[in-house]
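Notes follow once the structure below has been shown.
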Amino acid sequence: ASHCWGYGEDDGPSSWHKGYPIAQGNRQSPVNIITAETMYDSSLSPLIVSYENYSSISISNNGCSVAVEYADAEQGPVIEGGPLGDAYRLKQFHFHWGHKDCQGSEHTVDGRTYASELHLVHWNASKYQTFREAVAAPDGLAVLGVFLETGKEHQGLTKITDALSMVKFKGSTADLKDFNPKCLLPRNLNYWTYPGSLTTPPLHESVTWIVFEEPIEVSKRQMEQFRMLLFSEEKEDEKFMENNFRPPQPLNGRKVCASYN
Ligand SMILES: NS(=O)(=O)c1c2ccccc2cc2ccccc12
Ligand SMILES: [Zn+2]
């Protein structure tokens, strides 16, 4: 089916189960992280982020978010360690945000929402041949989640926020070369991890989530730049892209592990 789901009244998260029954599965994402119920797991090794030889290609508006795509190269940017048994290669990163700064993240921490959440999507290139194959495998994907809160301007993010005007409409793409995503990670890499899913249809339960505890700071102006994006195509009525987040889903007995005590 074409993109017949969205974030509106009648095509939003509460109706996704009609087209995607897995929406009511037992390892869905996002979740509310209740810090008092997280388990320190001393067997979790530090996360190794090797983003040195990155090569970003483009930035695009896919009608539900704005994403920066990376070349699919053997020696591309990877993450390993932590809860991961293999090396996972960066495919793209994208954002979720609200129509005001007090909401917009997908994961929540003790019920707290953040202005936005950055997702860096990686696939298990050690075990699978293609992203397409990995996207439906239970150990196929690893997504890093970074919370964004408003404060001072994020220097590294300006290259992205200043490019947003070039991808205003659904289906638009623009060149975006040499963007090193390492600058978007928080200083402190303490994280929570749990087994989950894509937070958008097809909602495959194939994601090892790694959510950093420390948010990064972005300015209110930078958040406004995300809100000028459109869900709609050039010829359609203007629908501002905002509130493109799925609310927290039941844990169904899953434990959220903490990398720190
Ligand atoms: N929110 S999300 O990270 O689940 C997600 C993906 C996750 C894994 C693989 C591909 C994904 C593509 C997405 C595209 C737009 C929004 C979320 C997306
Ligand atoms: Zn996402």
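Chain identifiers are assigned as A, B, and so on, following the order in which chains appear in the structure tokens; residues are numbered from 1 within each chain, and ligands are numbered from 1 in order of appearance.
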
Exercise: A:Lys239 partners within 12 Å, only C-alpha atoms, chain neighbours under 5 positions left out, as number ranges by chain: A: 6-8, 63-64, 168-170, 227-234, 244

How about saving the chosen residues, C-alpha atoms kept, as a tab-separated table (two decimals), in the first residue's frame?
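This went into out-v3.tsv:
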```tsv
chain	number	residue	atom	x	y	z
A	6	GLY	CA	0.43	9.35	8.97
A	7	TYR	CA	0.21	11.28	12.24
A	8	GLY	CA	-3.22	12.85	11.79
A	63	GLY	CA	6.70	12.67	4.08
A	64	CYS	CA	7.03	11.52	7.69
A	168	LYS	CA	10.35	21.68	2.40
A	169	PHE	CA	8.03	19.42	0.41
A	170	LYS	CA	7.37	15.65	0.69
A	227	ARG	CA	8.48	23.02	11.89
A	228	MET	CA	8.56	24.78	8.53
A	229	LEU	CA	8.86	21.40	6.79
A	230	LEU	CA	5.71	20.00	5.18
A	231	PHE	CA	4.09	16.55	5.26
A	232	SER	CA	2.50	17.59	1.94
A	233	GLU	CA	3.75	17.67	-1.66
A	234	GLU	CA	4.26	20.94	-3.59
A	244	ASN	CA	5.54	13.16	13.89
```

Selection within 10 Å of ligand 1 by only C-alpha atoms and all ligand atoms, output as number ranges by chain: A: 28-30, 61-67, 91-96, 106, 117-123, 131-132, 134-136, 140-145, 196-209, 244-246

Selected residue of minimal separation from ligand 2 among A:Phe226, A:Phe179, A:Tyr260, A:Trp97, counting only C-alpha atoms and all ligand atoms: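 Closest candidate: A:Trp97.
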
For atom CA of A:His107 and atom CA of A:Pro247, the interatomic separation in Å (one decimal):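 Rounded to one decimal, the two atoms are 7.7 Å apart.
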
Which of A:Met39, A:Leu157, A:Ile48, A:Leu90 sits closest to A:Leu189 [using only C-alpha atoms]: A:Ile48

Helix (DSSP H, G or I) per DSSP on the backbone: members of stretch 32-212 of chain A, as JSON, numbers by chain: {"A": [35, 36, 37, 131, 132, 133, 134, 158, 159, 160, 161, 164, 165, 166, 167, 181, 182, 183, 184]}

Taking C-alpha atoms for each residue, export the selection above as a PDB file, in the first residue's frame.
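Okay, part-v3.pdb is ready:
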```pdb
ATOM      1  CA  THR A  35      14.553   4.918  35.479  1.00  0.00           C
ATOM      2  CA  ALA A  36      13.801   3.220  38.825  1.00  0.00           C
ATOM      3  CA  GLU A  37      12.964   0.009  36.931  1.00  0.00           C
ATOM      4  CA  PHE A 131      19.582  -3.228   4.588  1.00  0.00           C
ATOM      5  CA  ARG A 132      16.344  -4.580   3.087  1.00  0.00           C
ATOM      6  CA  GLU A 133      17.144  -8.062   4.403  1.00  0.00           C
ATOM      7  CA  ALA A 134      18.192  -6.742   7.824  1.00  0.00           C
ATOM      8  CA  THR A 158      23.230  24.188  11.794  1.00  0.00           C
ATOM      9  CA  LYS A 159      24.442  22.420   8.631  1.00  0.00           C
ATOM     10  CA  ILE A 160      21.260  20.318   8.820  1.00  0.00           C
ATOM     11  CA  THR A 161      18.781  22.991   9.965  1.00  0.00           C
ATOM     12  CA  LEU A 164      15.820  22.147   5.687  1.00  0.00           C
ATOM     13  CA  SER A 165      14.450  24.941   3.488  1.00  0.00           C
ATOM     14  CA  MET A 166      15.727  22.956   0.471  1.00  0.00           C
ATOM     15  CA  VAL A 167      13.573  19.911   1.360  1.00  0.00           C
ATOM     16  CA  PRO A 181      27.081  12.727  12.540  1.00  0.00           C
ATOM     17  CA  LYS A 182      29.458  12.234  15.478  1.00  0.00           C
ATOM     18  CA  CYS A 183      28.860  15.887  16.446  1.00  0.00           C
ATOM     19  CA  LEU A 184      25.202  15.054  17.157  1.00  0.00           C
TER      20      LEU A 184
END
```

Polymer residues at most 9 Å from A:Ser43, only C-alpha atoms, same-chain spacing of 2 or more positions, as a list in words: Tyr40, Asp41, Ser45, Gly82, Pro83 and Ser259 of chain A
